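> My structure file model_31.csv, CSV, N, CA and C atoms, is below:
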```csv
chain,number,residue,atom,x,y,z
L,1,MET,N,54.8,66.1,84.9
L,1,MET,CA,55.7,66.1,83.7
L,1,MET,C,55.9,67.5,83.2
L,2,ILE,N,54.8,68.3,83.2
L,2,ILE,CA,54.9,69.7,82.7
L,2,ILE,C,55.7,70.5,83.7
L,3,THR,N,55.6,70.3,85.0
L,3,THR,CA,56.4,71.1,86.0
L,3,THR,C,57.9,70.8,85.9
L,4,SER,N,58.2,69.5,85.6
L,4,SER,CA,59.6,69.2,85.5
L,4,SER,C,60.2,69.8,84.2
L,5,LEU,N,59.4,69.9,83.1
L,5,LEU,CA,59.8,70.5,81.9
L,5,LEU,C,60.1,72.0,82.1
L,6,LYS,N,59.2,72.6,82.9
L,6,LYS,CA,59.3,74.1,83.2
L,6,LYS,C,60.6,74.3,84.0
L,7,LYS,N,60.9,73.4,85.0
L,7,LYS,CA,62.1,73.5,85.8
L,7,LYS,C,63.3,73.4,84.9
L,8,HIS,N,63.3,72.5,84.0
L,8,HIS,CA,64.5,72.3,83.1
L,8,HIS,C,64.7,73.5,82.2
L,9,ILE,N,63.6,74.1,81.7
L,9,ILE,CA,63.7,75.3,80.9
L,9,ILE,C,64.2,76.5,81.7
L,10,PHE,N,63.7,76.6,82.9
L,10,PHE,CA,64.1,77.6,83.8
L,10,PHE,C,65.6,77.5,84.1
L,11,ILE,N,66.1,76.3,84.4
L,11,ILE,CA,67.5,76.1,84.7
L,11,ILE,C,68.4,76.4,83.5
L,12,ILE,N,68.0,76.0,82.3
L,12,ILE,CA,68.7,76.4,81.1
L,12,ILE,C,68.7,77.9,80.9
L,13,PHE,N,67.6,78.5,81.1
L,13,PHE,CA,67.6,80.0,80.9
L,13,PHE,C,68.5,80.7,81.9
L,14,ILE,N,68.5,80.3,83.1
L,14,ILE,CA,69.4,80.9,84.1
L,14,ILE,C,70.9,80.7,83.8
L,15,THR,N,71.2,79.5,83.3
L,15,THR,CA,72.6,79.1,83.0
L,15,THR,C,73.0,80.0,81.8
L,16,LEU,N,72.2,80.1,80.8
L,16,LEU,CA,72.5,80.9,79.6
L,16,LEU,C,72.7,82.4,79.9
L,17,SER,N,71.9,82.9,80.8
L,17,SER,CA,72.0,84.3,81.2
L,17,SER,C,73.3,84.6,81.9
L,18,PHE,N,73.7,83.6,82.7
L,18,PHE,CA,75.0,83.8,83.4
L,18,PHE,C,76.2,83.8,82.4
L,19,VAL,N,76.1,82.9,81.5
L,19,VAL,CA,77.2,82.7,80.5
L,19,VAL,C,77.3,84.0,79.6
L,20,ILE,N,76.1,84.5,79.2
L,20,ILE,CA,76.1,85.7,78.3
L,20,ILE,C,76.6,86.9,79.1
L,21,SER,N,76.2,87.1,80.3
L,21,SER,CA,76.6,88.2,81.1
L,21,SER,C,78.1,88.2,81.5
L,22,ALA,N,78.7,87.0,81.6
L,22,ALA,CA,80.1,86.9,82.0
L,22,ALA,C,81.0,87.2,80.9
L,23,GLN,N,80.5,87.2,79.6
L,23,GLN,CA,81.4,87.5,78.5
L,23,GLN,C,81.7,89.0,78.4
L,24,GLU,N,82.9,89.4,78.3
L,24,GLU,CA,83.3,90.8,78.1
L,24,GLU,C,83.5,91.1,76.7
L,25,LYS,N,83.5,92.3,76.3
L,25,LYS,CA,83.8,92.8,75.0
L,25,LYS,C,85.3,92.6,74.7
L,26,PRO,N,85.7,92.1,73.6
L,26,PRO,CA,87.1,91.9,73.3
L,26,PRO,C,87.9,93.1,73.1
L,27,VAL,N,87.2,94.2,72.6
L,27,VAL,CA,87.9,95.5,72.5
L,27,VAL,C,87.0,96.5,73.3
L,28,ARG,N,87.6,97.2,74.2
L,28,ARG,CA,86.8,98.1,75.1
L,28,ARG,C,87.6,99.4,75.5
L,29,LEU,N,86.8,100.4,75.9
L,29,LEU,CA,87.4,101.7,76.3
L,29,LEU,C,87.6,101.6,77.8
L,30,ILE,N,88.7,102.0,78.3
L,30,ILE,CA,89.1,102.0,79.7
L,30,ILE,C,89.3,103.4,80.1
L,31,GLU,N,88.7,103.8,81.2
L,31,GLU,CA,88.9,105.1,81.8
L,31,GLU,C,89.7,105.0,83.0
L,32,GLU,N,90.8,105.8,83.1
L,32,GLU,CA,91.7,105.9,84.2
L,32,GLU,C,91.6,107.3,84.8
L,33,LYS,N,91.0,107.5,85.9
L,33,LYS,CA,90.9,108.8,86.5
L,33,LYS,C,92.1,109.0,87.5
L,34,GLN,N,92.7,110.1,87.3
L,34,GLN,CA,93.8,110.5,88.1
L,34,GLN,C,93.4,111.8,88.8
L,35,LYS,N,94.3,112.4,89.6
L,35,LYS,CA,94.0,113.6,90.4
L,35,LYS,C,93.4,114.7,89.5
L,36,LYS,N,94.1,115.1,88.5
L,36,LYS,CA,93.7,116.3,87.7
L,36,LYS,C,93.4,115.9,86.2
L,37,ARG,N,93.2,114.7,85.9
L,37,ARG,CA,93.0,114.3,84.5
L,37,ARG,C,92.3,113.0,84.4
L,38,THR,N,91.8,112.7,83.2
L,38,THR,CA,91.2,111.4,82.9
L,38,THR,C,91.8,111.0,81.6
L,39,ILE,N,92.4,109.7,81.7
L,39,ILE,CA,93.1,109.2,80.5
L,39,ILE,C,92.2,108.1,80.0
L,40,LEU,N,92.0,108.1,78.7
L,40,LEU,CA,91.2,107.1,78.0
L,40,LEU,C,92.1,106.2,77.2
L,41,PHE,N,91.9,104.9,77.4
L,41,PHE,CA,92.7,103.8,76.8
L,41,PHE,C,91.7,103.0,76.0
L,42,VAL,N,92.2,102.3,75.0
L,42,VAL,CA,91.4,101.2,74.3
L,42,VAL,C,92.2,99.9,74.5
L,43,GLN,N,91.6,98.9,75.0
L,43,GLN,CA,92.3,97.6,75.2
L,43,GLN,C,91.7,96.6,74.3
L,44,ASN,N,92.6,95.9,73.6
L,44,ASN,CA,92.3,94.8,72.7
L,44,ASN,C,92.7,93.5,73.3
L,45,ASP,N,91.7,92.7,73.6
L,45,ASP,CA,92.0,91.4,74.2
L,45,ASP,C,92.0,90.2,73.2
L,46,THR,N,91.8,90.6,71.9
L,46,THR,CA,91.8,89.5,70.9
L,46,THR,C,93.2,89.1,70.4
L,47,ASP,N,93.2,88.1,69.6
L,47,ASP,CA,94.5,87.7,69.0
L,47,ASP,C,94.8,88.4,67.7
L,48,ASP,N,94.0,89.3,67.2
L,48,ASP,CA,94.1,90.0,66.0
L,48,ASP,C,94.3,91.5,66.2
L,49,GLU,N,95.0,92.2,65.3
L,49,GLU,CA,95.1,93.6,65.3
L,49,GLU,C,93.7,94.2,64.9
L,50,LYS,N,93.3,95.2,65.6
L,50,LYS,CA,92.0,95.9,65.2
L,50,LYS,C,92.2,97.4,65.0
L,51,SER,N,91.4,97.9,64.1
L,51,SER,CA,91.4,99.3,63.9
L,51,SER,C,90.2,99.9,64.6
L,52,VAL,N,90.4,101.1,65.3
L,52,VAL,CA,89.4,101.7,66.2
L,52,VAL,C,89.2,103.1,65.7
L,53,PHE,N,87.9,103.5,65.8
L,53,PHE,CA,87.4,104.9,65.5
L,53,PHE,C,86.8,105.3,66.9
L,54,LEU,N,87.4,106.4,67.5
L,54,LEU,CA,86.9,106.9,68.7
L,54,LEU,C,86.6,108.3,68.6
L,55,LYS,N,85.3,108.7,68.9
L,55,LYS,CA,84.8,110.1,68.9
L,55,LYS,C,84.3,110.4,70.3
L,56,VAL,N,85.0,111.4,70.9
L,56,VAL,CA,84.6,111.8,72.3
L,56,VAL,C,83.9,113.1,72.2
L,57,ASN,N,82.8,113.3,72.9
L,57,ASN,CA,82.1,114.5,73.0
L,57,ASN,C,82.2,115.0,74.5
L,58,PRO,N,83.2,115.9,74.8
L,58,PRO,CA,83.4,116.3,76.2
L,58,PRO,C,82.6,117.6,76.5
L,59,THR,N,82.3,117.7,77.8
L,59,THR,CA,81.7,118.9,78.3
L,59,THR,C,82.4,119.2,79.6
L,60,GLY,N,83.0,120.4,79.8
L,60,GLY,CA,83.6,120.8,81.0
L,60,GLY,C,85.1,120.4,81.1
L,61,TYR,N,85.7,120.2,79.9
L,61,TYR,CA,87.1,119.8,79.9
L,61,TYR,C,87.9,120.9,79.2
L,62,ARG,N,89.2,121.1,79.6
L,62,ARG,CA,90.1,122.1,79.0
L,62,ARG,C,90.4,121.9,77.5
L,63,ARG,N,90.7,120.7,77.2
L,63,ARG,CA,91.1,120.3,75.8
L,63,ARG,C,89.9,119.9,75.0
L,64,SER,N,89.8,120.5,73.9
L,64,SER,CA,88.7,120.1,73.0
L,64,SER,C,89.0,118.7,72.4
L,65,ALA,N,88.1,117.8,72.4
L,65,ALA,CA,88.4,116.5,71.9
L,65,ALA,C,87.4,116.2,70.8
L,66,GLN,N,87.0,117.2,70.0
L,66,GLN,CA,86.0,117.0,69.0
L,66,GLN,C,86.4,116.2,67.8
L,67,ARG,N,87.7,116.1,67.6
L,67,ARG,CA,88.2,115.4,66.4
L,67,ARG,C,88.2,113.9,66.7
L,68,PRO,N,87.8,113.1,65.7
L,68,PRO,CA,87.8,111.7,65.9
L,68,PRO,C,89.3,111.1,65.9
L,69,ILE,N,89.5,110.0,66.6
L,69,ILE,CA,90.8,109.4,66.6
L,69,ILE,C,90.7,108.0,65.9
L,70,ILE,N,91.5,107.8,65.0
L,70,ILE,CA,91.6,106.5,64.3
L,70,ILE,C,92.9,105.9,64.5
L,71,ARG,N,93.0,104.7,65.1
L,71,ARG,CA,94.3,104.1,65.3
L,71,ARG,C,94.1,102.5,65.2
L,72,LYS,N,95.3,101.9,64.9
L,72,LYS,CA,95.4,100.5,65.0
L,72,LYS,C,95.8,100.1,66.4
L,73,ILE,N,95.1,99.1,66.9
L,73,ILE,CA,95.4,98.6,68.2
L,73,ILE,C,96.0,97.2,68.1
L,74,PRO,N,97.2,96.9,68.5
L,74,PRO,CA,97.8,95.6,68.3
L,74,PRO,C,97.1,94.6,69.2
L,75,ALA,N,97.3,93.3,68.8
L,75,ALA,CA,96.6,92.2,69.6
L,75,ALA,C,97.2,92.2,71.0
L,76,LYS,N,96.3,91.9,72.0
L,76,LYS,CA,96.6,91.8,73.4
L,76,LYS,C,97.4,93.0,73.9
L,77,SER,N,96.8,94.2,73.7
L,77,SER,CA,97.5,95.4,74.1
L,77,SER,C,96.5,96.4,74.6
L,78,LYS,N,97.1,97.5,75.2
L,78,LYS,CA,96.3,98.6,75.7
L,78,LYS,C,97.0,99.9,75.2
L,79,VAL,N,96.3,100.7,74.5
L,79,VAL,CA,96.8,101.9,73.9
L,79,VAL,C,96.1,103.2,74.4
L,80,GLN,N,96.9,104.2,74.8
L,80,GLN,CA,96.4,105.4,75.3
L,80,GLN,C,95.8,106.2,74.1
L,81,MET,N,94.6,106.7,74.2
L,81,MET,CA,93.9,107.4,73.1
L,81,MET,C,93.8,108.9,73.4
L,82,LEU,N,93.5,109.3,74.6
L,82,LEU,CA,93.2,110.7,74.8
L,82,LEU,C,93.4,111.0,76.3
L,83,ILE,N,93.8,112.3,76.6
L,83,ILE,CA,93.9,112.8,78.0
L,83,ILE,C,92.9,114.0,78.1
L,84,LEU,N,92.0,113.9,79.0
L,84,LEU,CA,91.0,115.0,79.3
L,84,LEU,C,91.4,115.6,80.6
L,85,ILE,N,91.5,117.0,80.6
L,85,ILE,CA,91.8,117.7,81.8
L,85,ILE,C,90.5,118.6,82.1
L,86,PRO,N,89.9,118.3,83.3
L,86,PRO,CA,88.7,119.0,83.6
L,86,PRO,C,88.9,120.5,84.0
L,87,LEU,N,88.0,121.3,83.7
L,87,LEU,CA,88.0,122.7,84.2
L,87,LEU,C,87.7,122.8,85.6
L,88,THR,N,88.2,123.8,86.4
L,88,THR,CA,87.9,123.9,87.8
L,88,THR,C,86.5,124.5,87.9
L,89,ASP,N,85.8,124.1,89.0
L,89,ASP,CA,84.5,124.7,89.3
L,89,ASP,C,83.4,124.4,88.2
L,90,VAL,N,83.6,123.4,87.4
L,90,VAL,CA,82.7,123.1,86.3
L,90,VAL,C,82.5,121.6,86.4
L,91,GLU,N,81.2,121.2,86.3
L,91,GLU,CA,80.9,119.8,86.2
L,91,GLU,C,81.3,119.2,84.9
L,92,SER,N,82.1,118.2,84.8
L,92,SER,CA,82.6,117.7,83.6
L,92,SER,C,82.1,116.2,83.4
L,93,HIS,N,81.8,115.9,82.1
L,93,HIS,CA,81.4,114.6,81.7
L,93,HIS,C,81.6,114.5,80.2
L,94,TYR,N,81.5,113.3,79.7
L,94,TYR,CA,81.7,113.1,78.3
L,94,TYR,C,80.9,111.8,77.8
L,95,THR,N,80.7,111.8,76.5
L,95,THR,CA,80.1,110.7,75.9
L,95,THR,C,81.0,110.3,74.8
L,96,TYR,N,80.9,109.0,74.3
L,96,TYR,CA,81.8,108.6,73.3
L,96,TYR,C,81.2,107.6,72.4
L,97,ASN,N,81.7,107.5,71.2
L,97,ASN,CA,81.4,106.5,70.2
L,97,ASN,C,82.6,105.7,69.9
L,98,LEU,N,82.6,104.4,70.0
L,98,LEU,CA,83.7,103.5,69.7
L,98,LEU,C,83.3,102.5,68.7
L,99,ILE,N,84.0,102.6,67.5
L,99,ILE,CA,83.7,101.7,66.4
L,99,ILE,C,84.9,100.8,66.2
L,100,ILE,N,84.7,99.5,66.2
L,100,ILE,CA,85.9,98.6,66.0
L,100,ILE,C,85.7,97.9,64.7
L,101,ASN,N,86.8,97.9,63.9
L,101,ASN,CA,86.9,97.2,62.6
L,101,ASN,C,88.0,96.2,62.6
L,102,ASP,N,87.9,95.2,61.8
L,102,ASP,CA,89.0,94.2,61.7
L,102,ASP,C,90.3,94.8,61.1
L,103,GLU,N,90.1,95.7,60.1
L,103,GLU,CA,91.3,96.3,59.5
L,103,GLU,C,91.0,97.7,59.0
L,104,LEU,N,92.0,98.5,58.9
L,104,LEU,CA,91.8,99.9,58.5
L,104,LEU,C,91.9,100.0,57.0
L,105,GLU,N,90.9,100.6,56.4
L,105,GLU,CA,90.8,100.7,55.0
L,105,GLU,C,91.4,102.1,54.6
L,106,THR,N,92.4,102.1,53.7
L,106,THR,CA,93.0,103.3,53.2
L,106,THR,C,92.3,103.7,51.9
L,107,ILE,N,92.1,105.0,51.8
L,107,ILE,CA,91.5,105.5,50.6
L,107,ILE,C,92.5,106.3,49.9
L,108,ASP,N,92.8,105.9,48.7
L,108,ASP,CA,93.9,106.6,47.9
L,108,ASP,C,93.2,107.6,47.0
L,109,VAL,N,93.5,108.8,47.2
L,109,VAL,CA,92.9,109.9,46.5
L,109,VAL,C,94.1,110.6,45.7
L,110,LYS,N,94.0,110.6,44.4
L,110,LYS,CA,95.1,111.2,43.6
L,110,LYS,C,94.5,112.5,43.0
L,111,ARG,N,95.2,113.6,43.3
L,111,ARG,CA,94.8,114.9,42.7
L,111,ARG,C,95.9,115.3,41.8
L,112,SER,N,95.6,115.8,40.7
L,112,SER,CA,96.6,116.3,39.8
L,112,SER,C,96.0,117.5,39.1
L,113,LYS,N,96.9,118.3,38.5
L,113,LYS,CA,96.5,119.5,37.8
L,113,LYS,C,95.7,119.2,36.6
L,114,GLU,N,96.0,118.1,35.9
L,114,GLU,CA,95.3,117.7,34.7
L,114,GLU,C,93.8,117.4,35.0
L,115,LEU,N,93.6,116.7,36.1
L,115,LEU,CA,92.2,116.4,36.5
L,115,LEU,C,91.4,117.7,36.8
L,116,LYS,N,92.0,118.7,37.5
L,116,LYS,CA,91.4,119.9,37.8
L,116,LYS,C,91.1,120.7,36.5
L,117,ARG,N,92.0,120.7,35.5
L,117,ARG,CA,91.8,121.4,34.3
L,117,ARG,C,90.6,120.8,33.5
L,118,LYS,N,90.5,119.5,33.5
L,118,LYS,CA,89.5,118.8,32.7
L,118,LYS,C,88.1,119.1,33.4
L,119,ASP,N,88.1,119.1,34.7
L,119,ASP,CA,86.8,119.4,35.4
L,119,ASP,C,86.3,120.8,35.2
L,120,SER,N,87.2,121.7,35.0
L,120,SER,CA,86.8,123.1,34.9
L,120,SER,C,86.4,123.4,33.5
L,121,LEU,N,86.6,122.6,32.5
L,121,LEU,CA,86.2,122.9,31.1
L,121,LEU,C,84.8,122.6,30.9
```
In C-alpha cells, what does this structure look like?


Amino acid sequence: MITSLKKHIFIIFITLSFVISAQEKPVRLIEEKQKKRTILFVQNDTDDEKSVFLKVNPTGYRRSAQRPIIRKIPAKSKVQMLILIPLTDVESHYTYNLIINDELETIDVKRSKELKRKDSL
C-alpha cells in the first residue's frame, strides 16, 4: 500500500513539473542577432496591453544604452526596444532588467513661479 502511494505521488510530481516547465512567460525579451547588430524586442502574448520598463547594462557595444526604456506594449504584439552594435575586437555582452506592469502610471508634476516663491520664503 505504501509503495503504491509513493508511485502515485511520484507520478503527480513528474506531471506537475512538466506542466510548470512548459509554461512560458506572457511578456518576454527576445534577442535577434544579426551580422553586425543585436536587436532587442519585447513580446506580449497576453490579451491585455502591458507597460514595460527595460534597463540594459551593455559592455563592449558602440551605443550606450544606460537610459531605461519605458513603453506600452499592445496585446499580442512584438515591439522593438533597442539596437546594440558591438565594437570590433572587443568581447560584448549585456545584462538587463525587465519589469512588467499592467498599466503605466503617469505622475503629474505642476511647477509654477508661485510655488517657487513660497518655498524660498

> To one decimal place in Å, what is the distance between CA of Ile99 in chain L and CA of Asp47 in chain L?

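Value for the CA of Ile99 in chain L-CA of Asp47 in chain L distance: 17.9 Å.
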
> One number please: CA of Arg62 in chain L to atom C of Pro86 in chain L, in Å, one decimal.

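Distance between the two atoms: 5.4 Å.
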
> For Ser51 in chain L, which residue among L:Lys33, L:Lys72, L:Lys78, L:His93 is the nearest when counting only C-alpha atoms?

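The answer is L:Lys72, which sits nearest to Ser51 in chain L.
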
> Rounded to one decimal place, report the CA of Val56 in chain L-CA of Asn97 in chain L distance in Å.

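That distance, rounded to one decimal, is 6.5 Å.
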
> Identify which of the residues L:Ile100, L:Ile39, L:Ile69, L:Val52 lies closest to Ile85 in chain L, counting all atoms listed in the file when measuring atom-to-atom distances.

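Ranking L:Ile100, L:Ile39, L:Ile69, L:Val52 by distance to Ile85 in chain L, first place goes to L:Ile39.
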
> DSSP on the backbone: what in range 70-100 of chain L comes out strand (DSSP E or B), as a PyMOL selection string?

chain L and resi 70-73+77-84+86+93-100

> Applying 6.5 Å and only N, CA and C atoms, which residues near Asn44 in chain L remain after dropping the ones on its own chain fewer than 5 positions away? List them as an MDAnalysis selection string.

chainID L and resid 26:28 73:79

> Just checking: using all atoms listed in the file, which residue out of L:Arg37, L:Asp102, L:Leu82, L:Tyr94 ends up closest to Glu49 in chain L?

L:Asp102

> Extract, using only N, CA and C atoms, all DNA, RNA and protein residues at most 8 Å from Arg67 in chain L, discarding same-chain residues fewer than 5 positions from it, and format them as a PyMOL selection string.

chain L and resi 54-57
